[in-house]
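Next comes entry_1.txt, a file with compact mmCIF, N, CA and C atoms.
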# COMPACT_ATOMS: atom_id res chain seq x y z
N MET T 19 -20.30 -10.73 -74.23
CA MET T 19 -19.68 -11.86 -73.60
C MET T 19 -18.30 -11.45 -73.10
N LEU T 20 -17.90 -12.00 -71.94
CA LEU T 20 -16.61 -11.67 -71.35
C LEU T 20 -15.50 -12.46 -72.01
N GLU T 21 -14.41 -11.76 -72.20
CA GLU T 21 -13.25 -12.44 -72.78
C GLU T 21 -12.41 -13.05 -71.68
N LYS T 22 -11.79 -14.14 -71.97
CA LYS T 22 -10.86 -14.76 -71.04
C LYS T 22 -9.61 -13.90 -70.97
N PRO T 23 -9.02 -13.76 -69.76
CA PRO T 23 -7.78 -13.00 -69.68
C PRO T 23 -6.67 -13.72 -70.44
N LYS T 24 -5.84 -12.93 -71.03
CA LYS T 24 -4.72 -13.50 -71.78
C LYS T 24 -3.64 -13.95 -70.81
N PHE T 25 -2.87 -14.93 -71.21
CA PHE T 25 -1.79 -15.47 -70.38
C PHE T 25 -0.82 -14.35 -70.00
N GLY T 26 -0.49 -14.25 -68.69
CA GLY T 26 0.49 -13.28 -68.22
C GLY T 26 -0.09 -11.91 -67.94
N SER T 27 -1.39 -11.76 -68.05
CA SER T 27 -1.95 -10.43 -67.85
C SER T 27 -2.31 -10.15 -66.39
N GLY T 28 -2.30 -11.13 -65.51
CA GLY T 28 -2.65 -10.91 -64.11
C GLY T 28 -1.48 -11.26 -63.20
N GLY T 29 -1.51 -10.74 -61.92
CA GLY T 29 -0.49 -11.07 -60.94
C GLY T 29 0.72 -10.18 -61.02
N PHE T 30 1.76 -10.57 -60.27
CA PHE T 30 2.99 -9.79 -60.21
C PHE T 30 4.10 -10.52 -60.95
N THR T 31 5.04 -9.76 -61.46
CA THR T 31 6.19 -10.37 -62.10
C THR T 31 7.21 -10.73 -61.04
N LEU T 32 8.13 -11.55 -61.38
CA LEU T 32 9.20 -11.95 -60.46
C LEU T 32 10.02 -10.74 -60.03
N ILE T 33 10.29 -9.84 -60.92
CA ILE T 33 11.08 -8.63 -60.60
C ILE T 33 10.33 -7.78 -59.59
N GLU T 34 9.03 -7.62 -59.76
CA GLU T 34 8.24 -6.83 -58.80
C GLU T 34 8.29 -7.46 -57.41
N LEU T 35 8.17 -8.76 -57.33
CA LEU T 35 8.24 -9.45 -56.04
C LEU T 35 9.61 -9.30 -55.40
N ILE T 36 10.66 -9.39 -56.18
CA ILE T 36 12.02 -9.22 -55.65
C ILE T 36 12.21 -7.81 -55.11
N ILE T 37 11.71 -6.82 -55.82
CA ILE T 37 11.84 -5.43 -55.36
C ILE T 37 11.10 -5.23 -54.04
N VAL T 38 9.90 -5.79 -53.92
CA VAL T 38 9.14 -5.67 -52.66
C VAL T 38 9.89 -6.33 -51.52
N VAL T 39 10.43 -7.52 -51.74
CA VAL T 39 11.19 -8.23 -50.70
C VAL T 39 12.42 -7.41 -50.30
N LEU T 40 13.12 -6.82 -51.25
CA LEU T 40 14.29 -5.99 -50.95
C LEU T 40 13.91 -4.76 -50.13
N VAL T 41 12.82 -4.09 -50.49
CA VAL T 41 12.39 -2.91 -49.74
C VAL T 41 12.02 -3.29 -48.31
N VAL T 42 11.27 -4.38 -48.13
CA VAL T 42 10.92 -4.83 -46.78
C VAL T 42 12.17 -5.20 -45.99
N GLY T 43 13.13 -5.84 -46.64
CA GLY T 43 14.39 -6.19 -45.98
C GLY T 43 15.16 -4.97 -45.53
N ILE T 44 15.24 -3.96 -46.38
CA ILE T 44 15.95 -2.72 -46.01
C ILE T 44 15.25 -2.04 -44.84
N MET T 45 13.93 -2.01 -44.86
CA MET T 45 13.18 -1.40 -43.74
C MET T 45 13.44 -2.16 -42.44
N ALA T 46 13.52 -3.47 -42.52
CA ALA T 46 13.80 -4.27 -41.32
C ALA T 46 15.21 -4.01 -40.80
N ILE T 47 16.18 -3.91 -41.71
CA ILE T 47 17.57 -3.65 -41.30
C ILE T 47 17.68 -2.31 -40.60
N VAL T 48 16.96 -1.33 -41.06
CA VAL T 48 16.98 0.00 -40.46
C VAL T 48 16.18 0.02 -39.16
N GLY T 49 15.06 -0.68 -39.10
CA GLY T 49 14.15 -0.61 -37.96
C GLY T 49 14.53 -1.43 -36.76
N ILE T 50 15.17 -2.58 -36.96
CA ILE T 50 15.48 -3.47 -35.84
C ILE T 50 16.41 -2.83 -34.81
N PRO T 51 17.50 -2.17 -35.20
CA PRO T 51 18.33 -1.52 -34.18
C PRO T 51 17.58 -0.44 -33.40
N ARG T 52 16.72 0.29 -34.07
CA ARG T 52 15.93 1.31 -33.37
C ARG T 52 14.97 0.68 -32.39
N MET T 53 14.42 -0.48 -32.72
CA MET T 53 13.52 -1.17 -31.82
C MET T 53 14.28 -1.61 -30.57
N GLY T 54 15.52 -2.05 -30.75
CA GLY T 54 16.35 -2.42 -29.60
C GLY T 54 16.60 -1.23 -28.68
N ASP T 55 16.86 -0.06 -29.27
CA ASP T 55 17.06 1.15 -28.48
C ASP T 55 15.80 1.51 -27.70
N ILE T 56 14.66 1.37 -28.35
CA ILE T 56 13.38 1.68 -27.69
C ILE T 56 13.15 0.72 -26.52
N MET T 57 13.45 -0.55 -26.70
CA MET T 57 13.29 -1.54 -25.63
C MET T 57 14.21 -1.23 -24.45
N GLU T 58 15.45 -0.88 -24.75
CA GLU T 58 16.41 -0.55 -23.69
C GLU T 58 15.97 0.69 -22.93
N THR T 59 15.50 1.70 -23.63
CA THR T 59 15.02 2.92 -23.00
C THR T 59 13.83 2.64 -22.09
N SER T 60 12.93 1.77 -22.53
CA SER T 60 11.77 1.45 -21.70
C SER T 60 12.17 0.65 -20.47
N LYS T 61 13.18 -0.21 -20.58
CA LYS T 61 13.66 -0.96 -19.41
C LYS T 61 14.29 -0.01 -18.38
N VAL T 62 15.05 0.96 -18.86
CA VAL T 62 15.66 1.94 -17.95
C VAL T 62 14.56 2.72 -17.24
N ALA T 63 13.55 3.17 -17.97
CA ALA T 63 12.45 3.94 -17.37
C ALA T 63 11.68 3.10 -16.35
N ALA T 64 11.41 1.84 -16.67
CA ALA T 64 10.68 0.96 -15.75
C ALA T 64 11.50 0.70 -14.48
N THR T 65 12.80 0.52 -14.63
CA THR T 65 13.67 0.30 -13.47
C THR T 65 13.71 1.54 -12.58
N LYS T 66 13.85 2.71 -13.18
CA LYS T 66 13.86 3.95 -12.39
C LYS T 66 12.55 4.14 -11.64
N GLU T 67 11.44 3.82 -12.27
CA GLU T 67 10.13 3.95 -11.61
C GLU T 67 10.03 2.98 -10.44
N GLU T 68 10.48 1.74 -10.63
CA GLU T 68 10.42 0.78 -9.54
C GLU T 68 11.35 1.21 -8.39
N MET T 69 12.50 1.74 -8.72
CA MET T 69 13.41 2.21 -7.68
C MET T 69 12.81 3.39 -6.92
N ARG T 70 12.06 4.24 -7.61
CA ARG T 70 11.37 5.35 -6.95
C ARG T 70 10.32 4.81 -5.97
N ARG T 71 9.58 3.77 -6.37
CA ARG T 71 8.59 3.16 -5.48
C ARG T 71 9.26 2.49 -4.28
N LEU T 72 10.43 1.87 -4.50
CA LEU T 72 11.17 1.29 -3.37
C LEU T 72 11.61 2.37 -2.39
N LYS T 73 12.05 3.49 -2.92
CA LYS T 73 12.46 4.62 -2.06
C LYS T 73 11.29 5.08 -1.19
N ILE T 74 10.11 5.21 -1.78
CA ILE T 74 8.93 5.63 -1.02
C ILE T 74 8.59 4.57 0.03
N ALA T 75 8.70 3.30 -0.32
CA ALA T 75 8.43 2.23 0.65
C ALA T 75 9.42 2.29 1.81
N LEU T 76 10.65 2.66 1.52
CA LEU T 76 11.69 2.71 2.56
C LEU T 76 11.54 3.92 3.46
N VAL T 77 11.41 5.12 2.89
CA VAL T 77 11.46 6.34 3.69
C VAL T 77 10.19 7.16 3.66
N GLY T 78 9.21 6.74 2.86
CA GLY T 78 7.95 7.46 2.79
C GLY T 78 8.02 8.66 1.86
N SER T 79 6.90 9.35 1.80
CA SER T 79 6.79 10.52 0.94
C SER T 79 5.78 11.47 1.56
N ALA T 80 6.24 12.65 1.94
CA ALA T 80 5.33 13.64 2.51
C ALA T 80 4.30 14.07 1.47
N LYS T 81 4.71 14.10 0.22
CA LYS T 81 3.82 14.53 -0.87
C LYS T 81 2.60 13.61 -1.00
N SER T 82 2.83 12.31 -0.88
CA SER T 82 1.71 11.36 -1.02
C SER T 82 1.16 10.90 0.32
N GLY T 83 1.74 11.36 1.42
CA GLY T 83 1.25 10.98 2.75
C GLY T 83 1.63 9.58 3.18
N VAL T 84 2.59 8.94 2.50
CA VAL T 84 3.04 7.60 2.86
C VAL T 84 4.19 7.73 3.85
N ARG T 85 4.07 7.03 4.99
CA ARG T 85 5.11 7.14 6.02
C ARG T 85 6.37 6.32 5.69
N GLY T 86 6.22 5.14 5.17
CA GLY T 86 7.36 4.30 4.84
C GLY T 86 7.90 3.54 6.04
N TYR T 87 8.72 2.55 5.74
CA TYR T 87 9.28 1.65 6.76
C TYR T 87 10.06 2.43 7.81
N GLU T 88 10.97 3.28 7.38
CA GLU T 88 11.84 4.00 8.33
C GLU T 88 11.03 4.84 9.32
N ASN T 89 10.03 5.55 8.85
CA ASN T 89 9.24 6.39 9.74
C ASN T 89 8.38 5.58 10.69
N ASP T 90 7.94 4.39 10.27
CA ASP T 90 7.12 3.54 11.14
C ASP T 90 7.97 2.80 12.17
N VAL T 91 9.06 2.20 11.70
CA VAL T 91 9.86 1.33 12.57
C VAL T 91 10.94 2.11 13.31
N GLY T 92 11.43 3.18 12.73
CA GLY T 92 12.47 3.98 13.38
C GLY T 92 13.85 3.72 12.83
N SER T 93 13.97 2.80 11.89
CA SER T 93 15.26 2.51 11.25
C SER T 93 14.96 1.91 9.88
N LEU T 94 15.99 1.86 9.05
CA LEU T 94 15.84 1.24 7.74
C LEU T 94 15.87 -0.27 7.87
N PRO T 95 15.24 -0.99 6.95
CA PRO T 95 15.29 -2.45 7.00
C PRO T 95 16.69 -2.97 6.68
N SER T 96 16.98 -4.16 7.14
CA SER T 96 18.30 -4.74 6.85
C SER T 96 18.38 -5.21 5.40
N ASN T 97 17.24 -5.55 4.81
CA ASN T 97 17.20 -5.95 3.40
C ASN T 97 15.83 -5.61 2.83
N LEU T 98 15.69 -5.70 1.52
CA LEU T 98 14.45 -5.30 0.87
C LEU T 98 13.28 -6.24 1.15
N THR T 99 13.56 -7.49 1.53
CA THR T 99 12.45 -8.41 1.83
C THR T 99 11.70 -7.98 3.09
N ASP T 100 12.35 -7.19 3.95
CA ASP T 100 11.67 -6.69 5.15
C ASP T 100 10.52 -5.75 4.81
N LEU T 101 10.46 -5.29 3.56
CA LEU T 101 9.37 -4.41 3.15
C LEU T 101 8.05 -5.16 2.99
N VAL T 102 8.11 -6.47 2.81
CA VAL T 102 6.88 -7.26 2.63
C VAL T 102 6.68 -8.29 3.74
N THR T 103 7.71 -8.60 4.49
CA THR T 103 7.61 -9.58 5.57
C THR T 103 8.16 -8.96 6.84
N LYS T 104 7.36 -8.96 7.89
CA LYS T 104 7.77 -8.36 9.17
C LYS T 104 8.96 -9.10 9.73
N PRO T 105 10.07 -8.38 9.94
CA PRO T 105 11.25 -9.03 10.50
C PRO T 105 11.08 -9.33 12.00
N ALA T 106 11.78 -10.36 12.46
CA ALA T 106 11.76 -10.68 13.88
C ALA T 106 12.39 -9.53 14.65
N GLY T 107 11.86 -9.26 15.81
CA GLY T 107 12.41 -8.20 16.65
C GLY T 107 11.82 -6.82 16.39
N VAL T 108 10.99 -6.70 15.37
CA VAL T 108 10.33 -5.44 15.09
C VAL T 108 8.92 -5.52 15.64
N SER T 109 8.52 -4.50 16.38
CA SER T 109 7.21 -4.53 17.02
C SER T 109 6.08 -4.41 16.01
N ASP T 110 4.92 -4.91 16.40
CA ASP T 110 3.73 -4.77 15.57
C ASP T 110 3.29 -3.31 15.57
N TRP T 111 2.48 -2.96 14.59
CA TRP T 111 1.97 -1.60 14.45
C TRP T 111 1.09 -1.25 15.65
N ASN T 112 1.37 -0.09 16.24
CA ASN T 112 0.56 0.44 17.33
C ASN T 112 -0.17 1.66 16.79
N ARG T 113 -1.48 1.55 16.67
CA ARG T 113 -2.23 2.65 16.04
C ARG T 113 -2.27 3.91 16.90
N PHE T 114 -1.99 3.80 18.19
CA PHE T 114 -2.00 4.98 19.05
C PHE T 114 -0.68 5.75 18.96
N THR T 115 0.43 5.01 19.02
CA THR T 115 1.73 5.68 18.95
C THR T 115 2.21 5.85 17.50
N LYS T 116 1.52 5.16 16.59
CA LYS T 116 1.88 5.17 15.17
C LYS T 116 3.33 4.75 14.95
N THR T 117 3.69 3.66 15.63
CA THR T 117 5.02 3.08 15.47
C THR T 117 4.89 1.57 15.29
N GLY T 118 5.91 0.96 14.72
CA GLY T 118 5.94 -0.48 14.50
C GLY T 118 5.76 -0.80 13.02
N TRP T 119 5.84 -2.09 12.71
CA TRP T 119 5.76 -2.53 11.31
C TRP T 119 4.32 -2.42 10.83
N ASN T 120 4.10 -1.62 9.80
CA ASN T 120 2.77 -1.38 9.26
C ASN T 120 2.73 -1.78 7.79
N GLY T 121 3.41 -2.87 7.47
CA GLY T 121 3.52 -3.29 6.08
C GLY T 121 2.43 -4.22 5.65
N PRO T 122 2.53 -4.73 4.47
CA PRO T 122 3.67 -4.59 3.57
C PRO T 122 3.75 -3.19 2.97
N TYR T 123 4.97 -2.77 2.71
CA TYR T 123 5.23 -1.42 2.23
C TYR T 123 5.30 -1.34 0.71
N ILE T 124 5.41 -2.48 0.07
CA ILE T 124 5.43 -2.52 -1.40
C ILE T 124 4.71 -3.79 -1.84
N GLU T 125 4.08 -3.73 -3.00
CA GLU T 125 3.37 -4.89 -3.53
C GLU T 125 4.38 -5.95 -3.95
N ASP T 126 4.13 -7.18 -3.52
CA ASP T 126 5.03 -8.28 -3.83
C ASP T 126 4.38 -9.21 -4.85
N ASN T 127 4.91 -9.21 -6.06
CA ASN T 127 4.46 -10.16 -7.09
C ASN T 127 5.56 -11.20 -7.26
N ASP T 128 5.61 -12.14 -6.33
CA ASP T 128 6.61 -13.21 -6.36
C ASP T 128 8.03 -12.69 -6.33
N GLY T 129 8.28 -11.65 -5.56
CA GLY T 129 9.64 -11.13 -5.39
C GLY T 129 10.15 -10.33 -6.56
N ASP T 130 9.29 -9.96 -7.50
CA ASP T 130 9.78 -9.21 -8.66
C ASP T 130 10.26 -7.81 -8.30
N TYR T 131 9.87 -7.29 -7.15
CA TYR T 131 10.35 -5.98 -6.72
C TYR T 131 11.83 -6.01 -6.32
N LEU T 132 12.38 -7.20 -6.18
CA LEU T 132 13.79 -7.34 -5.81
C LEU T 132 14.73 -7.26 -7.01
N LYS T 133 14.17 -7.31 -8.23
CA LYS T 133 14.99 -7.36 -9.44
C LYS T 133 14.64 -6.23 -10.38
N ASP T 134 15.64 -5.79 -11.13
CA ASP T 134 15.42 -4.73 -12.12
C ASP T 134 14.85 -5.33 -13.41
N SER T 135 14.70 -4.53 -14.43
CA SER T 135 14.09 -4.98 -15.69
C SER T 135 14.94 -6.00 -16.44
N TRP T 136 16.19 -6.14 -16.09
CA TRP T 136 17.08 -7.12 -16.72
C TRP T 136 17.17 -8.39 -15.87
N ASP T 137 16.31 -8.50 -14.84
CA ASP T 137 16.23 -9.65 -13.96
C ASP T 137 17.49 -9.82 -13.10
N VAL T 138 18.10 -8.70 -12.75
CA VAL T 138 19.27 -8.69 -11.87
C VAL T 138 18.85 -8.08 -10.53
N ASN T 139 19.27 -8.67 -9.43
CA ASN T 139 18.91 -8.17 -8.11
C ASN T 139 19.41 -6.75 -7.89
N TYR T 140 18.56 -5.94 -7.24
CA TYR T 140 18.99 -4.60 -6.83
C TYR T 140 20.05 -4.74 -5.75
N ILE T 141 20.93 -3.76 -5.67
CA ILE T 141 21.93 -3.71 -4.62
C ILE T 141 21.47 -2.64 -3.63
N TYR T 142 21.04 -3.09 -2.46
CA TYR T 142 20.50 -2.20 -1.43
C TYR T 142 21.51 -2.02 -0.32
N SER T 143 21.71 -0.78 0.11
CA SER T 143 22.60 -0.51 1.23
C SER T 143 21.94 0.49 2.17
N ALA T 144 21.62 0.02 3.38
CA ALA T 144 21.05 0.92 4.38
C ALA T 144 22.12 1.89 4.87
N VAL T 145 23.37 1.47 4.89
CA VAL T 145 24.46 2.31 5.38
C VAL T 145 24.69 3.51 4.47
N SER T 146 24.82 3.26 3.16
CA SER T 146 25.04 4.37 2.23
C SER T 146 23.73 4.98 1.73
N ARG T 147 22.60 4.38 2.16
CA ARG T 147 21.26 4.85 1.79
C ARG T 147 21.11 4.93 0.27
N THR T 148 21.41 3.80 -0.38
CA THR T 148 21.30 3.74 -1.83
C THR T 148 20.65 2.44 -2.27
N ILE T 149 20.05 2.50 -3.46
CA ILE T 149 19.61 1.32 -4.19
C ILE T 149 20.25 1.45 -5.56
N LYS T 150 20.90 0.36 -6.02
CA LYS T 150 21.57 0.39 -7.32
C LYS T 150 21.04 -0.72 -8.21
N SER T 151 21.02 -0.41 -9.50
CA SER T 151 20.69 -1.38 -10.53
C SER T 151 21.89 -1.44 -11.47
N VAL T 152 22.39 -2.65 -11.72
CA VAL T 152 23.53 -2.81 -12.62
C VAL T 152 23.20 -3.68 -13.82
N GLY T 153 21.92 -4.03 -13.97
CA GLY T 153 21.51 -4.94 -15.02
C GLY T 153 21.70 -4.42 -16.44
N SER T 154 21.66 -3.10 -16.61
CA SER T 154 21.79 -2.52 -17.95
C SER T 154 23.23 -2.46 -18.44
N GLY T 155 24.15 -2.75 -17.56
CA GLY T 155 25.56 -2.57 -17.91
C GLY T 155 26.09 -1.26 -17.34
N ASP T 156 25.20 -0.29 -17.17
CA ASP T 156 25.51 0.95 -16.49
C ASP T 156 24.88 0.87 -15.09
N THR T 157 25.38 1.66 -14.17
CA THR T 157 24.82 1.67 -12.83
C THR T 157 23.79 2.79 -12.71
N ILE T 158 22.60 2.41 -12.30
CA ILE T 158 21.55 3.39 -12.00
C ILE T 158 21.45 3.42 -10.49
N THR T 159 21.60 4.59 -9.89
CA THR T 159 21.61 4.72 -8.43
C THR T 159 20.53 5.69 -8.00
N ILE T 160 19.85 5.34 -6.93
CA ILE T 160 18.91 6.25 -6.31
C ILE T 160 19.30 6.37 -4.82
N ASN T 161 19.39 7.60 -4.36
CA ASN T 161 19.71 7.87 -2.96
C ASN T 161 18.44 8.21 -2.20
N PHE T 162 18.42 7.88 -0.93
CA PHE T 162 17.24 8.20 -0.12
C PHE T 162 17.67 8.68 1.25
How would this structure read if it were set down as structure tokens?
Amino acid sequence: MLEKPKFGSGGFTLIELIIVVLVVGIMAIVGIPRMGDIMETSKVAATKEEMRRLKIALVGSAKSGVRGYENDVGSLPSNLTDLVTKPAGVSDWNRFTKTGWNGPYIEDNDGDYLKDSWDVNYIYSAVSRTIKSVGSGDTITINF
């Protein structure tokens, strides 16, 4: 016949539970700052990748065979929205001369290509041929 367990013979003691809670708390204190660093690093990487894609949309890439806005139209756009919407005064694409607006040059998901990973608008300059991101607190610049 089975014996009934004696009082206090099963489960965890209060001290054991406190020790487990303390260990989990210490792990969280150590891990949370590192998680923030990982998130920041991934935002920087995502912003740089998007800026690289904007550069290809603007000037093309011989490596991938993409002509880009500048090679099709003959000049850089006045703003980044011209990459998805044909500006007035720019001719339509002519398949024989291979000139004119042949866009959209970048995928538009509700204008998200206009903002960096911190939801701050890119600073585009056709004159200095740069795109800048200042959302991280530091300036990330890509020249084209």
Within 6.5 Å of Asn120 of chain T, counting only N, CA and C atoms, which residues show up once you throw out same-chain ones fewer than 3 positions away? Write them as a PDB file with N, CA and C atoms, in the coordinates of the input, please.
ATOM      1  N   ASP T  90       7.940   4.390  10.270  1.00  0.00           N
ATOM      2  CA  ASP T  90       7.120   3.540  11.140  1.00  0.00           C
ATOM      3  C   ASP T  90       7.970   2.800  12.170  1.00  0.00           C
ATOM      4  N   ASP T 110       4.920  -4.910  16.400  1.00  0.00           N
ATOM      5  CA  ASP T 110       3.730  -4.770  15.570  1.00  0.00           C
ATOM      6  C   ASP T 110       3.290  -3.310  15.570  1.00  0.00           C
ATOM      7  N   TRP T 111       2.480  -2.960  14.590  1.00  0.00           N
ATOM      8  CA  TRP T 111       1.970  -1.600  14.450  1.00  0.00           C
ATOM      9  C   TRP T 111       1.090  -1.250  15.650  1.00  0.00           C
ATOM     10  N   THR T 117       3.690   3.660  15.630  1.00  0.00           N
ATOM     11  CA  THR T 117       5.020   3.080  15.470  1.00  0.00           C
ATOM     12  C   THR T 117       4.890   1.570  15.290  1.00  0.00           C
ATOM     13  N   TYR T 123       4.970  -2.770   2.710  1.00  0.00           N
ATOM     14  CA  TYR T 123       5.230  -1.420   2.230  1.00  0.00           C
ATOM     15  C   TYR T 123       5.300  -1.340   0.710  1.00  0.00           C
TER      16      TYR T 123
END
In chain T, what's alpha helix (DSSP H) per DSSP? Answer as a PyMOL selection string? chain T and resi 32-77+86-91
Counting all atoms listed in the file, which residues of segment 35-112 of chain T sit at most 6.5 Å from some atom of segment 131-135 of chain T, and what is each one's closest atom pair with its distance in Å to one decimal, listed by chain and rising residue number, as CSV?
residue,atom,partner,partner_atom,distance
T:Lys61,CA,T:Ser135,CA,5.5
T:Ala64,C,T:Ser135,N,6.1
T:Thr65,CA,T:Ser135,N,5.0
Atom N of Asn139 of chain T to atom C of Val152 of chain T: how many Å, to one decimal?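 Pair atom N of Asn139 of chain T / atom C of Val152 of chain T returns 7.7 Å.
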Which residue of T:Ala106, T:Val145, T:Gly118, T:Gly129 approaches Tyr87 of chain T most closely, using only C-alpha atoms: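 Answer, going by the shortest atom-to-atom distance: T:Gly118.
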At a cut-off of 6.5 Å, using all atoms listed in the file, what residues contact Asn161 of chain T? Leave out same-chain residues fewer than 5 positions from it and give the result as a PyMOL selection string. chain T and resi 147-149
Determine the nearest neighbour of Ser151 of chain T from the options T:Val91, T:Val138, T:Val84, T:Val42, counting all atoms listed in the file.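 Smallest separation from Ser151 of chain T among the options: T:Val138.
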Extending 5 Å beyond the listed atoms of segment 93-104 of chain T on each side, what axis-aligned box results? I want centre and edge lengths in Å to one decimal, as lines of an AutoDock Vina configuration file.
center_x = 12.5
center_y = -3.4
center_z = 6.4
size_x = 21.7
size_y = 22.4
size_z = 21.0
Distance atom CA of Ser154 of chain T-atom CA of Asp137 of chain T, one decimal place? 9.9 Å
Return as a VMD selection string the full set of residues in segment 46-158 of chain T whose backbone-based DSSP assignment is strand (DSSP E). chain T and resid 141 to 143 148 to 151 158
Report, in Å with one decimal, the straight-line distance from atom CA of Leu101 of chain T to atom CA of Lys150 of chain T. 16.8 Å
With all atoms listed in the file as the counted atoms, please give the residues lying no more than 6.5 Å from Asn89 of chain T, apart from itself and same-chain residues fewer than 2 positions off, as a ChimeraX atom specification. /T:76-78,85-87,91-93,117
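For the choices T:Val108, T:Val102, T:Gly54, T:Phe114, the atom-to-atom distance to Asp126 of chain T is smallest for T:Val102 when using only N, CA and C atoms.
Distance annotation: of T:Thr31, T:Gly121, T:Gly155, T:Ser146, the residue with the minimal separation from Lys104 of chain T is T:Gly121; atom set is all atoms listed in the file.
Proximity ranking of T:Lys116, T:Ala144, T:Asp130, T:Ile124 relative to Ile74 of chain T places T:Ile124 first, based on only N, CA and C atoms.
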